[in-house]
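Shown next, in structure tokens, is the structure this report addresses.
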Amino acid sequence: MSNEINLNRRHFFGVAAMAAAAVELGVPVLAKAEAAVAPPQTAMSAATKADGHTEFAALKQIDAGVLSVGYAEAGPADGPAVLLLHGWPYDIYSYVDVAPILASAGYRVIVPYLRGYGTTRFLSGDTPRNGQQSALAVDMIALLDALDIETAIVAGYDWGARTADIMAALWPERCKGLVSVSGYLIGSQDINKNPLAPAAELSWWYQFYFATERGRAGYAANTRDFVRLIWKTASPTWAFDDATFDRSSPAFDNPDHVDITIHNYRWRLGLVEGEAQYDAYEQRLAKLPVIAVPTITMEGDANGAPHPDPSAYAARFSGRYEHRNITGGIGHNLPQEAPQAFAQAVLDIGKF
């Protein structure tokens with residue numbers, strides 16, 4: 001399969017002006033989880049959280065673009081497709097309770113490991129271990145092509161939300177709708193040159209740690225302990241047990257995980273280069289393209305990770321749009337902490 005994306009299938013939206021600090025690393029005000037108040041019409045309780053599923057059916061593997069992608073699949077093969085994308089440092093088990101809900105509703109659910117996670121591998125040892133934002137989105141377009149999926153609802157959080165946002169912005173014809181936790185996460189290296197207030201900079205401590213060789217060595221030597229720390233700080237009220245963590249932790253043994261993680265965060269700060277083949281995408285993304293596909297954005301009321309206030313990104317969505325605040329002590333890993341609420345958002349997007 002060609003690594004190039006068919007130019008005739010790509011459509012790019014015009015760009016409206018927006019304050020550069022409102023997305024990605026720079027947000028004018030980091031949302032305070034303890035102070036989050038949702039309008040009555042958008043608040044949703046997540047009192048019933050996990051449904052207790054512990055595994056997917058046997059994982060599948062398919063060559064797509066520069067990768068051999070490992071993924072879970074559920075639901076009828078001829079059902080409308082949903083692509084569920086995980087974040088850092090998490091894995092496909094974020095959706096272990098979401099997938100059965102969607103499958104039972106007739107959806108074909110695809111849950112891939114991103115590059116650098118789980119069973120996903122590069123087809124060539126010569127391919128740069130590149131974590132820049134557009135590369136991950138191109139991976140997912142290539143996966144849809146490999147699976148002969150013309151359009152899908154795309155949904156995610158953290159890296160997965162950013163990837164889904166980019167897909168919806170640059171390839172809207174491939175996206176029936178979008179569910180994005182923490183909203184509009186597209187950014188650029190130029191935006192990330194802008195310093196933040198000290199409290200906001202503090203919340204990105206790991207990004208600055210990864211900018212150093214000490215940080216690379218520390219993450220490589222202590223990956224699982226590092227991941228567990230991030231889980232706890234990003235979701236301070238999520239009482240995950242050892243079994244839950246142990247299901248996901250093998251995903252971080254991927255031989256490219258450290259390289260992809262370090263490159264991603266260094267690229268954001270302009271400390272390393274991306275690949276020239278993605279330059280055109282990044283130039284368009286730097287203009288903060290408006291997303292026109294039907295969208296539901298979501299936020300948990302106990303998200304301990306850096307995230308923008310919903311008011312900072314509402315104008316980035318020009319189509320049918322709704323924001324939902326999920327209450328009940330829901331942190332950064334919203335699909336795993338509130339699977340019913342996340343699945344309902346996907347089901348509702350399917351009706352838009």
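Residues are named by chain letter and number: chains run A, B, ... in the order of the structure tokens, numbers start at 1 in each chain, and ligands are numbered from 1 in the order shown.
Within the 6 Å cut-off around region 248-261 of chain A, using only C-alpha atoms and omitting residues fewer than 2 positions from it on the same chain, the listed residues are Gly116, Tyr117, Gly118, Arg129, Asn130, Gly131, Phe245, Asp246, His263 and Asn264 of chain A.
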Neighbour list for Val109 (chain A) as JSON, numbers by chain, cut-off 6 Å, only C-alpha atoms, skip fewer than 3 positions in-chain: {"A": [73, 74, 81, 82]}
Gap from CA of Gly274 (chain A) to CA of Gly187 (chain A) - Å, one decimal: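 According to the coordinates, CA of Gly274 (chain A) and CA of Gly187 (chain A) are separated by 14.2 Å.
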Which of A:Arg214, A:Pro339, A:Trp204, A:Trp238 sits closest to Pro306 (chain A) [using only C-alpha atoms]: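 Smallest separation from Pro306 (chain A) among the options: A:Trp204.
Distances to Leu144 (chain A) were evaluated for A:Arg174, A:Arg316, A:Lys351, A:His86 using only C-alpha atoms, and the minimum falls at A:Arg174.
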